[in-house]
>>> print(open('work.pdb').read())   # PDB, C-alpha atoms and all ligand atoms
MODEL        1
ATOM      1  CA  MET A   1      -3.917   6.718  18.364  1.00  0.00           C
ATOM      2  CA  LYS A   2      -7.147   4.827  17.702  1.00  0.00           C
ATOM      3  CA  TYR A   3      -6.601   1.112  17.083  1.00  0.00           C
ATOM      4  CA  PHE A   4      -8.787  -1.649  15.685  1.00  0.00           C
ATOM      5  CA  ASP A   5      -7.249  -4.491  17.665  1.00  0.00           C
ATOM      6  CA  GLU A   6     -10.165  -6.896  17.268  1.00  0.00           C
ATOM      7  CA  ILE A   7     -10.198  -6.506  13.476  1.00  0.00           C
ATOM      8  CA  GLU A   8      -6.414  -6.895  13.324  1.00  0.00           C
ATOM      9  CA  LYS A   9      -6.420  -9.990  15.551  1.00  0.00           C
ATOM     10  CA  ASN A  10      -9.307 -11.510  13.674  1.00  0.00           C
ATOM     11  CA  ALA A  11      -7.583 -10.956  10.305  1.00  0.00           C
ATOM     12  CA  LEU A  12      -4.300 -12.470  11.485  1.00  0.00           C
ATOM     13  CA  SER A  13      -6.054 -15.513  12.953  1.00  0.00           C
ATOM     14  CA  ARG A  14      -7.395 -16.220   9.441  1.00  0.00           C
ATOM     15  CA  HIS A  15      -4.030 -15.504   7.759  1.00  0.00           C
ATOM     16  CA  ILE A  16      -5.324 -12.360   6.084  1.00  0.00           C
ATOM     17  CA  PRO A  17      -2.208 -10.209   5.793  1.00  0.00           C
ATOM     18  CA  VAL A  18      -2.732  -6.766   7.282  1.00  0.00           C
ATOM     19  CA  MET A  19      -0.075  -4.166   7.946  1.00  0.00           C
ATOM     20  CA  GLN A  20       2.018  -4.654  11.046  1.00  0.00           C
ATOM     21  CA  LYS A  21       1.282  -2.160  13.818  1.00  0.00           C
ATOM     22  CA  GLU A  22       4.763  -0.656  13.632  1.00  0.00           C
ATOM     23  CA  GLY A  23       4.359  -0.171   9.871  1.00  0.00           C
ATOM     24  CA  ILE A  24       0.936   1.433   9.983  1.00  0.00           C
ATOM     25  CA  GLU A  25       1.975   3.797  12.788  1.00  0.00           C
ATOM     26  CA  PHE A  26       4.992   4.818  10.708  1.00  0.00           C
ATOM     27  CA  LEU A  27       2.819   5.339   7.612  1.00  0.00           C
ATOM     28  CA  ILE A  28       0.358   7.509   9.535  1.00  0.00           C
ATOM     29  CA  GLN A  29       3.216   9.658  10.850  1.00  0.00           C
ATOM     30  CA  ILE A  30       4.637  10.124   7.339  1.00  0.00           C
ATOM     31  CA  PHE A  31       1.239  11.169   5.981  1.00  0.00           C
ATOM     32  CA  LYS A  32       0.827  13.629   8.851  1.00  0.00           C
ATOM     33  CA  ASP A  33       4.324  15.054   8.344  1.00  0.00           C
ATOM     34  CA  HIS A  34       3.595  15.584   4.650  1.00  0.00           C
ATOM     35  CA  HIS A  35       0.166  17.109   5.293  1.00  0.00           C
ATOM     36  CA  CYS A  36      -1.563  14.456   3.187  1.00  0.00           C
ATOM     37  CA  HIS A  37      -5.361  14.538   3.033  1.00  0.00           C
ATOM     38  CA  SER A  38      -6.117  12.026   0.301  1.00  0.00           C
ATOM     39  CA  CYS A  39      -4.785   8.546  -0.381  1.00  0.00           C
ATOM     40  CA  LEU A  40      -5.250   5.903  -3.030  1.00  0.00           C
ATOM     41  CA  GLU A  41      -4.625   2.427  -1.612  1.00  0.00           C
ATOM     42  CA  ILE A  42      -4.070  -0.674  -3.732  1.00  0.00           C
ATOM     43  CA  GLY A  43      -5.045  -3.743  -1.682  1.00  0.00           C
ATOM     44  CA  SER A  44      -7.673  -3.066   1.010  1.00  0.00           C
ATOM     45  CA  ALA A  45      -8.040  -6.622   2.390  1.00  0.00           C
ATOM     46  CA  ILE A  46     -10.687  -6.164   5.115  1.00  0.00           C
ATOM     47  CA  GLY A  47     -10.176  -2.404   5.418  1.00  0.00           C
ATOM     48  CA  TYR A  48      -7.827  -2.379   8.417  1.00  0.00           C
ATOM     49  CA  SER A  49      -5.104  -0.033   7.127  1.00  0.00           C
ATOM     50  CA  ALA A  50      -7.650   2.312   5.510  1.00  0.00           C
ATOM     51  CA  MET A  51      -9.584   2.496   8.775  1.00  0.00           C
ATOM     52  CA  MET A  52      -6.418   3.172  10.767  1.00  0.00           C
ATOM     53  CA  MET A  53      -5.498   6.048   8.445  1.00  0.00           C
ATOM     54  CA  ALA A  54      -9.010   7.517   8.311  1.00  0.00           C
ATOM     55  CA  SER A  55      -9.359   7.432  12.105  1.00  0.00           C
ATOM     56  CA  ASN A  56      -5.945   8.827  12.976  1.00  0.00           C
ATOM     57  CA  ILE A  57      -5.281  11.571  10.421  1.00  0.00           C
ATOM     58  CA  ASP A  58      -7.376  14.756  10.422  1.00  0.00           C
ATOM     59  CA  ASP A  59      -9.446  15.491   7.355  1.00  0.00           C
ATOM     60  CA  PHE A  60      -8.326  12.367   5.479  1.00  0.00           C
ATOM     61  CA  GLU A  61     -10.055  10.516   2.631  1.00  0.00           C
ATOM     62  CA  ILE A  62      -9.085   7.176   1.116  1.00  0.00           C
ATOM     63  CA  GLU A  63     -10.086   5.399  -2.046  1.00  0.00           C
ATOM     64  CA  THR A  64      -9.062   1.767  -1.967  1.00  0.00           C
ATOM     65  CA  ILE A  65      -9.249  -1.158  -4.398  1.00  0.00           C
ATOM     66  CA  GLU A  66      -9.634  -4.845  -3.452  1.00  0.00           C
ATOM     67  CA  LEU A  67      -9.750  -7.831  -5.781  1.00  0.00           C
ATOM     68  CA  ASN A  68     -11.097 -10.504  -3.429  1.00  0.00           C
ATOM     69  CA  GLU A  69     -14.885 -10.319  -3.054  1.00  0.00           C
ATOM     70  CA  GLU A  70     -15.075 -11.915   0.375  1.00  0.00           C
ATOM     71  CA  ARG A  71     -12.507  -9.494   1.802  1.00  0.00           C
ATOM     72  CA  PHE A  72     -14.160  -6.588   0.001  1.00  0.00           C
ATOM     73  CA  LEU A  73     -17.539  -7.408   1.605  1.00  0.00           C
ATOM     74  CA  GLU A  74     -15.924  -7.694   5.017  1.00  0.00           C
ATOM     75  CA  ALA A  75     -14.191  -4.352   4.509  1.00  0.00           C
ATOM     76  CA  VAL A  76     -17.491  -2.725   3.515  1.00  0.00           C
ATOM     77  CA  LYS A  77     -19.037  -4.063   6.736  1.00  0.00           C
ATOM     78  CA  ASN A  78     -16.114  -2.962   8.940  1.00  0.00           C
ATOM     79  CA  ILE A  79     -16.047   0.510   7.410  1.00  0.00           C
ATOM     80  CA  ALA A  80     -19.804   0.989   7.859  1.00  0.00           C
ATOM     81  CA  GLU A  81     -19.837  -0.374  11.413  1.00  0.00           C
ATOM     82  CA  ASN A  82     -17.155   2.101  12.383  1.00  0.00           C
ATOM     83  CA  GLY A  83     -18.897   5.084  10.790  1.00  0.00           C
ATOM     84  CA  LEU A  84     -16.180   5.662   8.190  1.00  0.00           C
ATOM     85  CA  ASN A  85     -18.295   5.611   5.013  1.00  0.00           C
ATOM     86  CA  ASP A  86     -17.726   9.314   4.382  1.00  0.00           C
ATOM     87  CA  GLN A  87     -13.962   8.921   4.456  1.00  0.00           C
ATOM     88  CA  ILE A  88     -13.332   5.545   2.792  1.00  0.00           C
ATOM     89  CA  HIS A  89     -14.519   4.604  -0.686  1.00  0.00           C
ATOM     90  CA  ILE A  90     -13.815   1.031  -1.612  1.00  0.00           C
ATOM     91  CA  TYR A  91     -13.938  -0.627  -5.046  1.00  0.00           C
ATOM     92  CA  LEU A  92     -14.167  -4.337  -5.846  1.00  0.00           C
ATOM     93  CA  ASP A  93     -11.874  -4.839  -8.827  1.00  0.00           C
ATOM     94  CA  ASP A  94      -8.492  -5.940 -10.108  1.00  0.00           C
ATOM     95  CA  ALA A  95      -6.363  -2.823  -9.737  1.00  0.00           C
ATOM     96  CA  LEU A  96      -4.465  -3.778 -12.900  1.00  0.00           C
ATOM     97  CA  SER A  97      -7.588  -3.452 -15.070  1.00  0.00           C
ATOM     98  CA  PHE A  98      -9.552  -0.987 -12.892  1.00  0.00           C
ATOM     99  CA  ASP A  99     -10.952   2.018 -14.761  1.00  0.00           C
ATOM    100  CA  CYS A 100      -9.517   5.039 -12.948  1.00  0.00           C
ATOM    101  CA  GLN A 101     -12.361   7.235 -14.229  1.00  0.00           C
ATOM    102  CA  GLN A 102     -14.475   5.702 -11.461  1.00  0.00           C
ATOM    103  CA  LEU A 103     -12.372   7.344  -8.775  1.00  0.00           C
ATOM    104  CA  ILE A 104     -13.827  10.344  -6.986  1.00  0.00           C
ATOM    105  CA  HIS A 105     -10.467  12.122  -6.869  1.00  0.00           C
ATOM    106  CA  GLN A 106      -8.257  12.288  -9.922  1.00  0.00           C
ATOM    107  CA  GLN A 107      -5.225  13.477  -7.958  1.00  0.00           C
ATOM    108  CA  PHE A 108      -4.052  12.194  -4.586  1.00  0.00           C
ATOM    109  CA  ASP A 109      -1.541  13.342  -1.993  1.00  0.00           C
ATOM    110  CA  CYS A 110      -0.330   9.789  -1.607  1.00  0.00           C
ATOM    111  CA  LEU A 111      -0.436   6.334  -3.102  1.00  0.00           C
ATOM    112  CA  PHE A 112      -0.079   3.269  -0.883  1.00  0.00           C
ATOM    113  CA  ILE A 113       0.721   0.034  -2.722  1.00  0.00           C
ATOM    114  CA  ASP A 114      -0.031  -3.043  -0.596  1.00  0.00           C
ATOM    115  CA  ALA A 115      -1.316  -5.680  -3.045  1.00  0.00           C
ATOM    116  CA  ALA A 116       0.210  -8.540  -5.090  1.00  0.00           C
ATOM    117  CA  LYS A 117       3.941  -8.091  -4.632  1.00  0.00           C
ATOM    118  CA  ALA A 118       4.892  -9.486  -8.027  1.00  0.00           C
ATOM    119  CA  GLN A 119       2.980  -6.625  -9.642  1.00  0.00           C
ATOM    120  CA  TYR A 120       4.466  -3.686  -7.730  1.00  0.00           C
ATOM    121  CA  GLN A 121       6.021  -2.095 -10.782  1.00  0.00           C
ATOM    122  CA  LYS A 122       2.798  -2.336 -12.810  1.00  0.00           C
ATOM    123  CA  PHE A 123       0.792  -0.777  -9.977  1.00  0.00           C
ATOM    124  CA  PHE A 124       3.376   1.948  -9.605  1.00  0.00           C
ATOM    125  CA  GLU A 125       3.427   2.795 -13.310  1.00  0.00           C
ATOM    126  CA  LYS A 126      -0.364   2.817 -13.579  1.00  0.00           C
ATOM    127  CA  TYR A 127      -1.153   4.813 -10.447  1.00  0.00           C
ATOM    128  CA  MET A 128       1.804   7.151  -9.901  1.00  0.00           C
ATOM    129  CA  PRO A 129       0.410   9.602 -12.527  1.00  0.00           C
ATOM    130  CA  LEU A 130      -2.556  10.120 -10.161  1.00  0.00           C
ATOM    131  CA  VAL A 131      -0.246  11.394  -7.436  1.00  0.00           C
ATOM    132  CA  LYS A 132       0.258  15.167  -7.173  1.00  0.00           C
ATOM    133  CA  ASP A 133       3.686  16.517  -8.167  1.00  0.00           C
ATOM    134  CA  ASN A 134       4.727  16.964  -4.547  1.00  0.00           C
ATOM    135  CA  GLY A 135       2.938  13.821  -3.382  1.00  0.00           C
ATOM    136  CA  LEU A 136       4.394  10.488  -2.339  1.00  0.00           C
ATOM    137  CA  CYS A 137       4.073   6.776  -2.798  1.00  0.00           C
ATOM    138  CA  ILE A 138       4.586   4.202  -0.064  1.00  0.00           C
ATOM    139  CA  VAL A 139       5.394   0.592  -0.770  1.00  0.00           C
ATOM    140  CA  ASP A 140       5.391  -1.974   2.013  1.00  0.00           C
ATOM    141  CA  ASN A 141       7.103  -5.358   2.348  1.00  0.00           C
ATOM    142  CA  LEU A 142      10.122  -4.720   0.194  1.00  0.00           C
ATOM    143  CA  ASP A 143      12.358  -7.030   2.199  1.00  0.00           C
ATOM    144  CA  PHE A 144       9.943  -9.931   2.092  1.00  0.00           C
ATOM    145  CA  HIS A 145      10.920 -11.361   5.474  1.00  0.00           C
ATOM    146  CA  GLY A 146      14.603 -10.820   4.742  1.00  0.00           C
ATOM    147  CA  MET A 147      14.505 -13.268   1.814  1.00  0.00           C
ATOM    148  CA  ILE A 148      15.431 -10.559  -0.651  1.00  0.00           C
ATOM    149  CA  PHE A 149      18.959 -10.611   0.777  1.00  0.00           C
ATOM    150  CA  ASP A 150      19.455 -14.343   0.279  1.00  0.00           C
ATOM    151  CA  ILE A 151      17.607 -15.328  -2.881  1.00  0.00           C
ATOM    152  CA  GLU A 152      19.934 -18.180  -3.840  1.00  0.00           C
ATOM    153  CA  HIS A 153      19.003 -20.140  -0.725  1.00  0.00           C
ATOM    154  CA  ILE A 154      15.232 -20.039  -1.327  1.00  0.00           C
ATOM    155  CA  LYS A 155      14.134 -23.586  -2.113  1.00  0.00           C
ATOM    156  CA  ASN A 156      10.523 -23.052  -3.170  1.00  0.00           C
ATOM    157  CA  ARG A 157      10.473 -22.148  -6.869  1.00  0.00           C
ATOM    158  CA  ASN A 158       7.411 -19.861  -6.704  1.00  0.00           C
ATOM    159  CA  THR A 159       8.723 -18.000  -3.680  1.00  0.00           C
ATOM    160  CA  LYS A 160      12.056 -17.567  -5.417  1.00  0.00           C
ATOM    161  CA  GLN A 161      10.354 -16.095  -8.499  1.00  0.00           C
ATOM    162  CA  LEU A 162       8.319 -13.744  -6.336  1.00  0.00           C
ATOM    163  CA  VAL A 163      11.303 -12.557  -4.327  1.00  0.00           C
ATOM    164  CA  LYS A 164      13.243 -11.987  -7.557  1.00  0.00           C
ATOM    165  CA  LYS A 165      10.409  -9.774  -8.822  1.00  0.00           C
ATOM    166  CA  ILE A 166      10.348  -7.793  -5.590  1.00  0.00           C
ATOM    167  CA  LYS A 167      14.107  -7.329  -5.809  1.00  0.00           C
ATOM    168  CA  ARG A 168      13.798  -6.252  -9.442  1.00  0.00           C
ATOM    169  CA  PHE A 169      11.268  -3.582  -8.435  1.00  0.00           C
ATOM    170  CA  LYS A 170      13.424  -2.448  -5.527  1.00  0.00           C
ATOM    171  CA  ASP A 171      16.526  -2.145  -7.730  1.00  0.00           C
ATOM    172  CA  TRP A 172      14.521  -0.424 -10.497  1.00  0.00           C
ATOM    173  CA  ILE A 173      13.048   2.208  -8.225  1.00  0.00           C
ATOM    174  CA  LEU A 174      16.266   2.782  -6.260  1.00  0.00           C
ATOM    175  CA  ASN A 175      18.088   3.532  -9.531  1.00  0.00           C
ATOM    176  CA  HIS A 176      15.298   5.533 -11.202  1.00  0.00           C
ATOM    177  CA  ASP A 177      16.339   8.995 -12.387  1.00  0.00           C
ATOM    178  CA  LYS A 178      12.892  10.532 -11.770  1.00  0.00           C
ATOM    179  CA  TYR A 179      12.324   9.401  -8.195  1.00  0.00           C
ATOM    180  CA  ASP A 180      13.975   9.752  -4.835  1.00  0.00           C
ATOM    181  CA  VAL A 181      13.543   6.776  -2.550  1.00  0.00           C
ATOM    182  CA  GLU A 182      13.915   6.701   1.216  1.00  0.00           C
ATOM    183  CA  TYR A 183      14.185   3.229   2.581  1.00  0.00           C
ATOM    184  CA  HIS A 184      13.072   2.531   6.153  1.00  0.00           C
ATOM    185  CA  GLN A 185      13.744  -0.672   8.035  1.00  0.00           C
ATOM    186  CA  VAL A 186      10.331  -0.598   9.692  1.00  0.00           C
ATOM    187  CA  GLY A 187       8.166  -3.705   9.827  1.00  0.00           C
ATOM    188  CA  ASP A 188       9.062  -5.606   6.714  1.00  0.00           C
ATOM    189  CA  GLY A 189      10.774  -2.731   4.928  1.00  0.00           C
ATOM    190  CA  ILE A 190       8.976   0.404   3.755  1.00  0.00           C
ATOM    191  CA  CYS A 191       9.913   2.650   0.830  1.00  0.00           C
ATOM    192  CA  VAL A 192       8.843   6.268   0.600  1.00  0.00           C
ATOM    193  CA  ILE A 193       9.056   7.371  -3.022  1.00  0.00           C
ATOM    194  CA  LYS A 194       8.887  11.002  -4.186  1.00  0.00           C
ATOM    195  CA  ARG A 195       9.456  12.689  -7.523  1.00  0.00           C
ATOM    196  CA  LYS A 196      12.838  14.331  -7.759  1.00  0.00           C
ATOM    197  CA  GLU A 197      12.619  18.122  -7.560  1.00  0.00           C
ATOM    198  CA  LYS A 198      12.663  19.790 -10.973  1.00  0.00           C
ATOM    199  CA  ARG A 199      15.752  21.878 -11.453  1.00  0.00           C
TER
HETATM  200  C1  LIG A 201      -1.464  -7.263   2.191  1.00  0.00           C
HETATM  201  S1  LIG A 201      -3.144  -7.311   1.823  1.00  0.00           S
HETATM  202  C2  LIG A 201      -3.678  -5.665   2.117  1.00  0.00           C
HETATM  203  C3  LIG A 201      -3.673  -5.309   3.567  1.00  0.00           C
HETATM  204  C4  LIG A 201      -4.287  -3.973   3.899  1.00  0.00           C
HETATM  205  N1  LIG A 201      -3.654  -2.894   3.174  1.00  0.00           N
HETATM  206  C5  LIG A 201      -4.128  -3.734   5.372  1.00  0.00           C
HETATM  207  O1  LIG A 201      -2.995  -3.489   5.831  1.00  0.00           O
HETATM  208  O2  LIG A 201      -5.139  -3.793   6.085  1.00  0.00           O
HETATM  209  C6  LIG A 201      -3.130  -7.383   0.073  1.00  0.00           C
HETATM  210  C7  LIG A 201      -4.509  -7.398  -0.571  1.00  0.00           C
HETATM  211  O3  LIG A 201      -4.346  -7.066  -1.953  1.00  0.00           O
HETATM  212  C8  LIG A 201      -5.327  -7.742  -2.675  1.00  0.00           C
HETATM  213  N2  LIG A 201      -4.910  -7.782  -4.097  1.00  0.00           N
HETATM  214  C9  LIG A 201      -3.989  -8.594  -4.675  1.00  0.00           C
HETATM  215  N3  LIG A 201      -3.885  -8.318  -5.980  1.00  0.00           N
HETATM  216  C10 LIG A 201      -4.748  -7.309  -6.232  1.00  0.00           C
HETATM  217  C11 LIG A 201      -5.114  -6.609  -7.408  1.00  0.00           C
HETATM  218  N4  LIG A 201      -4.543  -6.891  -8.591  1.00  0.00           N
HETATM  219  N5  LIG A 201      -6.042  -5.630  -7.316  1.00  0.00           N
HETATM  220  C12 LIG A 201      -6.618  -5.328  -6.109  1.00  0.00           C
HETATM  221  N6  LIG A 201      -6.314  -5.973  -4.961  1.00  0.00           N
HETATM  222  C13 LIG A 201      -5.403  -6.951  -5.019  1.00  0.00           C
HETATM  223  C14 LIG A 201      -5.393  -9.118  -2.007  1.00  0.00           C
HETATM  224  O4  LIG A 201      -6.620  -9.756  -2.261  1.00  0.00           O
HETATM  225  C15 LIG A 201      -5.175  -8.745  -0.539  1.00  0.00           C
HETATM  226  O5  LIG A 201      -6.399  -8.679   0.163  1.00  0.00           O
ENDMDL
END
>>> encode(input="work.pdb", output="structure tokens", more="lines below")
Ligand SMILES: C[S@@+](CC[C@H](N)C(=O)[O-])C[C@H]1O[C@@H](n2cnc3c(N)ncnc32)[C@H](O)[C@@H]1O
Amino acid sequence: MKYFDEIEKNALSRHIPVMQKEGIEFLIQIFKDHHCHSCLEIGSAIGYSAMMMASNIDDFEIETIELNEERFLEAVKNIAENGLNDQIHIYLDDALSFDCQQLIHQQFDCLFIDAAKAQYQKFFEKYMPLVKDNGLCIVDNLDFHGMIFDIEHIKNRNTKQLVKKIKRFKDWILNHDKYDVEYHQVGDGICVIKRKEKR
């Protein structure tokens, strides 16, 4: 596996949240197992997860959206410096208002949601239609450092609100009649969501 340890270390030292190694390795394995070749990522940060995927999965293209301009510019630089411009296309925009017509692909093998946690359901509803019928969606961080299991004891009001929203999304998707959800206790909790097979 090719790693970008310097970029990862550098991001963490500045409190830029990038996927944990265990999580990204797991994600790459899932995409390989499902023969995925295209991914739409919501939340690029400085391009670390996109670069890990592009460098470790054969014949793989990613389109990724980032809201923060500083991070976007750093991602553009990292992607170019590592010769990944042909595989990663990055957009500077708010994914909630982004015009999907700009995307190169209109259908993806997988969707990876890794942006503002309070908006998971909105991202899912907007972008899941761009995922092929047999494709999948991965959502990271659904345990939110274990807090989701003990909401009543969270003192900070904003954190409590956020964790409640994450829990609401988790409960919504786990009980959805159109989707099957596999939950994996990897990193901070990863959900693999697929459409239920049509009978
Ligand atoms: C957890 S980080 C992404 C980490 C990245 N996937 C990685 O592992 O290298 C989340 C990113 O989502 C971005 N973000 C938050 N809300 C967003 C939105 N509405 N549209 C696009 N990006 C957003 C944040 O600026 C942040 O950089």
>>> atom_distance(input="work.pdb", atom1="CA of Gln107 in chain A", atom2="CA of His35 in chain A")
14.8 Å
>>> atom_distance(input="work.pdb", atom1="atom C5 of ligand LIG 201 (chain A)", atom2="CA of Ile88 in chain A")
13.3 Å
>>> residues_near_ligand(input="work.pdb", ligand="ligand LIG 201 (chain A)", cutoff="9 Å", atoms="all atoms listed in the file", output="JSON, numbers by chain")
{"A": [8, 11, 16, 17, 18, 19, 20, 24, 41, 42, 43, 44, 45, 46, 47, 48, 49, 50, 51, 52, 64, 65, 66, 67, 68, 69, 71, 72, 91, 92, 93, 94, 95, 96, 97, 98, 112, 113, 114, 115, 116, 117, 119, 123, 140, 141]}
>>> atom_distance(input="work.pdb", atom1="CA of Leu12 in chain A", atom2="CA of Cys36 in chain A")
28.3 Å
>>> closest_residue(input="work.pdb", among="A:Ala75, A:Leu142, A:Cys137, A:Leu103", to="Gln185 in chain A", atoms="all atoms listed in the file")
A:Leu142
>>> closest_residue(input="work.pdb", among="A:Ala118, A:Ala54, A:Ile62, A:Cys110", to="Gly83 in chain A", atoms="all atoms listed in the file")
A:Ala54
>>> resolve_selection(input="work.pdb", expression="the PyMOL selection byres (((chain A and resi 23) around 8) and not hetatm)", output="list of chain:residue names")
A:Met19, A:Gln20, A:Lys21, A:Glu22, A:Ile24, A:Glu25, A:Phe26, A:Leu27, A:Val186, A:Gly187, A:Asp188, A:Ile190
>>> resolve_selection(input="work.pdb", expression="the PyMOL selection byres (((chain A and resi 128) around 12) and not hetatm)", output="PyMOL selection string")
chain A and resi 39-42+100+106-113+120-127+129-139+178-179+193-195
>>> write_last_selection(input="work.pdb", atoms="C-alpha atoms", output="PDB file, keeping the file's coordinate frame")
ATOM      1  CA  CYS A  39      -4.785   8.546  -0.381  1.00  0.00           C
ATOM      2  CA  LEU A  40      -5.250   5.903  -3.030  1.00  0.00           C
ATOM      3  CA  GLU A  41      -4.625   2.427  -1.612  1.00  0.00           C
ATOM      4  CA  ILE A  42      -4.070  -0.674  -3.732  1.00  0.00           C
ATOM      5  CA  CYS A 100      -9.517   5.039 -12.948  1.00  0.00           C
ATOM      6  CA  GLN A 106      -8.257  12.288  -9.922  1.00  0.00           C
ATOM      7  CA  GLN A 107      -5.225  13.477  -7.958  1.00  0.00           C
ATOM      8  CA  PHE A 108      -4.052  12.194  -4.586  1.00  0.00           C
ATOM      9  CA  ASP A 109      -1.541  13.342  -1.993  1.00  0.00           C
ATOM     10  CA  CYS A 110      -0.330   9.789  -1.607  1.00  0.00           C
ATOM     11  CA  LEU A 111      -0.436   6.334  -3.102  1.00  0.00           C
ATOM     12  CA  PHE A 112      -0.079   3.269  -0.883  1.00  0.00           C
ATOM     13  CA  ILE A 113       0.721   0.034  -2.722  1.00  0.00           C
ATOM     14  CA  TYR A 120       4.466  -3.686  -7.730  1.00  0.00           C
ATOM     15  CA  GLN A 121       6.021  -2.095 -10.782  1.00  0.00           C
ATOM     16  CA  LYS A 122       2.798  -2.336 -12.810  1.00  0.00           C
ATOM     17  CA  PHE A 123       0.792  -0.777  -9.977  1.00  0.00           C
ATOM     18  CA  PHE A 124       3.376   1.948  -9.605  1.00  0.00           C
ATOM     19  CA  GLU A 125       3.427   2.795 -13.310  1.00  0.00           C
ATOM     20  CA  LYS A 126      -0.364   2.817 -13.579  1.00  0.00           C
ATOM     21  CA  TYR A 127      -1.153   4.813 -10.447  1.00  0.00           C
ATOM     22  CA  PRO A 129       0.410   9.602 -12.527  1.00  0.00           C
ATOM     23  CA  LEU A 130      -2.556  10.120 -10.161  1.00  0.00           C
ATOM     24  CA  VAL A 131      -0.246  11.394  -7.436  1.00  0.00           C
ATOM     25  CA  LYS A 132       0.258  15.167  -7.173  1.00  0.00           C
ATOM     26  CA  ASP A 133       3.686  16.517  -8.167  1.00  0.00           C
ATOM     27  CA  ASN A 134       4.727  16.964  -4.547  1.00  0.00           C
ATOM     28  CA  GLY A 135       2.938  13.821  -3.382  1.00  0.00           C
ATOM     29  CA  LEU A 136       4.394  10.488  -2.339  1.00  0.00           C
ATOM     30  CA  CYS A 137       4.073   6.776  -2.798  1.00  0.00           C
ATOM     31  CA  ILE A 138       4.586   4.202  -0.064  1.00  0.00           C
ATOM     32  CA  VAL A 139       5.394   0.592  -0.770  1.00  0.00           C
ATOM     33  CA  LYS A 178      12.892  10.532 -11.770  1.00  0.00           C
ATOM     34  CA  TYR A 179      12.324   9.401  -8.195  1.00  0.00           C
ATOM     35  CA  ILE A 193       9.056   7.371  -3.022  1.00  0.00           C
ATOM     36  CA  LYS A 194       8.887  11.002  -4.186  1.00  0.00           C
ATOM     37  CA  ARG A 195       9.456  12.689  -7.523  1.00  0.00           C
TER      38      ARG A 195
END
>>> resolve_selection(input="work.pdb", expression="the PyMOL selection byres (((chain A and resi 2) around 10) and not hetatm)", output="PDB file with C-alpha atoms, keeping the file's coordinate frame")
ATOM      1  CA  MET A   1      -3.917   6.718  18.364  1.00  0.00           C
ATOM      2  CA  TYR A   3      -6.601   1.112  17.083  1.00  0.00           C
ATOM      3  CA  PHE A   4      -8.787  -1.649  15.685  1.00  0.00           C
ATOM      4  CA  ASP A   5      -7.249  -4.491  17.665  1.00  0.00           C
ATOM      5  CA  MET A  51      -9.584   2.496   8.775  1.00  0.00           C
ATOM      6  CA  MET A  52      -6.418   3.172  10.767  1.00  0.00           C
ATOM      7  CA  MET A  53      -5.498   6.048   8.445  1.00  0.00           C
ATOM      8  CA  ALA A  54      -9.010   7.517   8.311  1.00  0.00           C
ATOM      9  CA  SER A  55      -9.359   7.432  12.105  1.00  0.00           C
ATOM     10  CA  ASN A  56      -5.945   8.827  12.976  1.00  0.00           C
TER      11      ASN A  56
END
>>> axis_aligned_box(input="work.pdb", around="range 83-88 of chain A", padding_each_side="6 Å", output="lines of an AutoDock Vina configuration file")
center_x = -16.1
center_y = 7.2
center_z = 6.8
size_x = 17.6
size_y = 16.2
size_z = 20.0
>>> closest_residue(input="work.pdb", among="A:Arg168, A:Lys9, A:Lys77, A:His89", to="Ile151 in chain A", atoms="only C-alpha atoms")
A:Arg168
>>> closest_residue(input="work.pdb", among="A:Glu61, A:Asp99, A:Val163, A:His15", to="Asp86 in chain A", atoms="all atoms listed in the file")
A:Glu61
>>> closest_residue(input="work.pdb", among="A:Ile104, A:Met147, A:Leu84, A:Val181", to="Phe60 in chain A", atoms="only C-alpha atoms")
A:Leu84
>>> closest_residue(input="work.pdb", among="A:Gln101, A:Phe149, A:His37, A:Ile57", to="Ile166 in chain A", atoms="all atoms listed in the file")
A:Phe149
>>> build_atoms(input="work.pdb", residues="range 165-171 of chain A", atoms="N, CA, C and O atoms", output="compact mmCIF listing (two decimals), in the frame of the given file")
# COMPACT_ATOMS: atom_id res chain seq x y z
N LYS A 165 11.19 -10.90 -8.28
CA LYS A 165 10.41 -9.77 -8.82
C LYS A 165 10.42 -8.58 -7.86
O LYS A 165 10.50 -7.44 -8.28
N ILE A 166 10.32 -8.88 -6.57
CA ILE A 166 10.35 -7.79 -5.59
C ILE A 166 11.71 -7.10 -5.66
O ILE A 166 11.80 -5.88 -5.66
N LYS A 167 12.75 -7.91 -5.75
CA LYS A 167 14.11 -7.33 -5.81
C LYS A 167 14.28 -6.47 -7.07
O LYS A 167 14.87 -5.40 -7.04
N ARG A 168 13.71 -7.00 -8.18
CA ARG A 168 13.80 -6.25 -9.44
C ARG A 168 13.13 -4.88 -9.30
O ARG A 168 13.66 -3.88 -9.73
N PHE A 169 11.96 -4.86 -8.64
CA PHE A 169 11.27 -3.58 -8.44
C PHE A 169 12.12 -2.68 -7.54
O PHE A 169 12.30 -1.49 -7.83
N LYS A 170 12.64 -3.25 -6.47
CA LYS A 170 13.42 -2.45 -5.53
C LYS A 170 14.64 -1.83 -6.24
O LYS A 170 14.90 -0.63 -6.12
N ASP A 171 15.35 -2.65 -7.02
CA ASP A 171 16.53 -2.14 -7.73
C ASP A 171 16.13 -1.09 -8.76
O ASP A 171 16.79 -0.07 -8.92
